[in-house]
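Okay, so here's the structure we're looking at.
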Amino acid sequence: MLCSGVPLKCLRGDCSAGTASRHRGWQWSAAFRRVAAVLGGVLWCAGAVYAAGGGSSGNGLDSLHRQLTRIEGRLTRGEGSGSQLAGWVIDVRSVRSHADSCVSDASRNIAEISRDLSGPMRIRRGEVLQITKERELLRQQRLSLQDRLADCRKLGADAGRVMLLIGQRQRALLAAQFFGRGPALASLLRDNLAMPSAWSGATEVHLSQHSGLDQLTAPQIWALGLIAAAAAVTGMLLRRYLLHWAGVRSWGGGFSGAFGLSLTASTARYLPQLLVAAAIAAVLWAATGAIVPPPLISLAAYGLPAYFLALWCIRMFLAPVQPAAPYISIPAGTARTLAARLRILALLIFSGYLAFGALFAAGAAEGVLLLVRDAYFVVITAGILSVIWPLAGVGRLSRLKGLRIVLAAVLMAAAGAEVLGYRNLSIAVLRAVTGTLLASGILVFASRLAGEFFERLNTDKHPWHRRLRQTLDIEAGQPLPGLLWLRGTAYILLWVAFLVLLLRAWGLSDAALLEVRAFVVGGFAFGSLRVFPVRILLALVTFVALFYVSGWARVLLKKHWLEKMHLESGAHDTMLTLSGYVGTSIAILVALSVAGLGLSNLAIIAGALSVGIGFGLQNIVNNFVSGLILLFERPIKTGDWVVVGGTEGYVRQIRIRSTQIQTFDRADVIVPNSELISGQVTNWMFHDPRGRVRVQVGVAYGSDTGFVKELLTTIGSAHPLVIRDDPERPVTVYFLSFGDSALNFELQCHIGHIAQRQQVISDLNFSIDSEFRRHMIEMPFPQRDIHVRDLPAGWPAPESPGRTGPA
């Protein structure tokens, strides 16, 4: 910011000499202190403007203008390849960014000077001349900045114009690349049939003289045989081991288990061939790697590992080896057909690799190469179409039969373009179609594996699942915290990888890839907000990683520190809860920082939230603060038996907003923390888990009250959970009252843990009933005498007491 180091009041003549002297380092006499303050601030400001380029001739802008002019001139002359355009895009973007920054800074500085000139000034006697000079200097600076602002805007406009020229050049190159036409197939046939010896003779000579067998010495051939035999023996031993391991290991079922078994069995099936092919390729590369062009035997050896890898993939997905079974939802007949056609296609690709390698090594004529390419392209296109066609009737793909027709039409159009001479267009279409199909298949397969993986994280079927839960201190049956974030991040990464593969398959130019990269990395404007997709993705990954790291650190805190401190359970739980919230808060702050949201922006958001808190978020904030009070004061703790209103049960978890109470009926009640702070709460286990048990019982009038007291005391003392050796808490029997039908007694005793209250009361009731029956002590029930005064007419008169019959 212009003059940001000097208070603006200095420019209006309203600052102390100390302020100006600090910025200029000058010491002045008292007589000129006021003038020194004004001129010091002005000179400092002028230096800042000059440093920013406002007082210079704009050498930096001139060099950028010259750079744009040079690029524009080359584009006007029709120059610029794909790689050059990519470099120019970077240069022009840098110039445009510099121009935007220059416009922003100059506009801000002009606004500040205009505000200083329009603001009120305190003019003292004898300072009119100095203030006039100061204002004139500020006007000159504003004019200089306005000129610079115009130059910066012109630079930005020139950068935009050059970017449009680059785009036009890119489209021209793409048009020339895709629609450039070479000789058609008919012309090639005619030319090659007219001179068959021009290519057949050279090819035969190359195949006979450059097969590569004559380049190998006898020791090299022996070494090749021995190494290949050793690789074959090693592969056979590994095959037996892998097949045995696949048969005895428990794969757990499901898609991932079936895939793992198929992977192991297919690897065992093709491991000898892969090892032998790799060994032969390594030996021949060591023996003939310096020969240019490479011999035919070396070309074949280099391609064999890739061919066997293709067969391995086909076998693994479509035709698993025993003991594996098919696991992809494709009918068995369709899977066999696809596997056979894919093997043929792999053989065609390997044969084409050998044929073109031999033709290039033999120096075949261009017409011969183009003719072989046209024929090979048609054959490969037919092979790909034969693979795509049966897939339309499989599973969900049966709904996309129209897509099969579209793909067939596109592939046939590509073959037609190849035959007509548009070879760049045909190869681009073929690469786009096959790349899209492969990328889609990889996405579907990886998504299914990831989905099953995340679903199994909530189970305990495998030992590593249990180890993970033990590491994160998660009880069996409980869902894994943060699994939704983890799943979402994984799927986002899969889609990003899919889009990257798709862009590569469609052959985007370097300049276009730079545009995509600039969009992802540099971000885009969304109103007044600038969004950076790559930062958002990195922030999401960072949050998930730190969230699980904080969970792991919480477990370490619990097992290796808190357990050794011998804290009470409430303090222990409070420390764990607070550490969890602190870890989550750190993860959120770091993720926001990675996303580019600074502390100043957080202050703005906090200010906006304060308005919302004042209106609609009072209850949430109240519960939040109440949760902090509960965690620090700990009036209730996890495991306490509490009564809140009409809810009675055990505290299972205290969160920052609410508390979970489990009733005796195993129902979970979520109570807002504000109710626990502002309302009345009965905590049976606040300081002492011990409690008193009260059992009331009535005996009939005429019973021996002394014996009843002695009997009740014996019954209470005999219970194993009743405290007997504490003189302050003895077993006591009270004669409460003379009831209507009984003499009322109460047995009071104390137990070690109030949570066992109900069980102790039940046991005492059983014992009292049993002992009273044994000692013939009657427990009466209420009796009532009813006197009838008048009877309705027609009712028989009641008999007098003592009369047994009619009068």
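By convention in this document, the chains of the structure tokens carry letters A, B, ... by their order, each chain's residues are numbered from 1, and ligands are numbered from 1 in the order they are shown.
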
Show which residues sit within 7 Å of Asp100 in chain A, as a list in words. Count only C-alpha atoms, and ignore same-chain residues fewer than 4 positions away.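 These residues fall inside the cut-off: Arg96, Ser104 and Gly156 of chain A.
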
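For range 752-763 of chain A, the set of protein, DNA and RNA residues having any atom at most 8 Å away, when counting only C-alpha atoms and skipping those fewer than 3 positions along the same chain, is A:Trp641, A:Trp684, A:Met685, A:Pro689, A:Arg690, A:Gly691, A:Arg692, A:Val693, A:Arg694, A:Val695, A:His719, A:Leu721, A:Val722, A:Ile723, A:Phe766, A:Ser767.
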
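Using only C-alpha atoms for every distance, the candidate list A:Gln696, A:Gln168, A:Asn109, A:Ser83 yields A:Asn109 as the residue closest to Leu149 in chain A.
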
What is the CA of Arg269 in chain A to CA of Ala246 in chain A distance in Å?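 Going from CA of Arg269 in chain A over to CA of Ala246 in chain A covers 12.0 Å.
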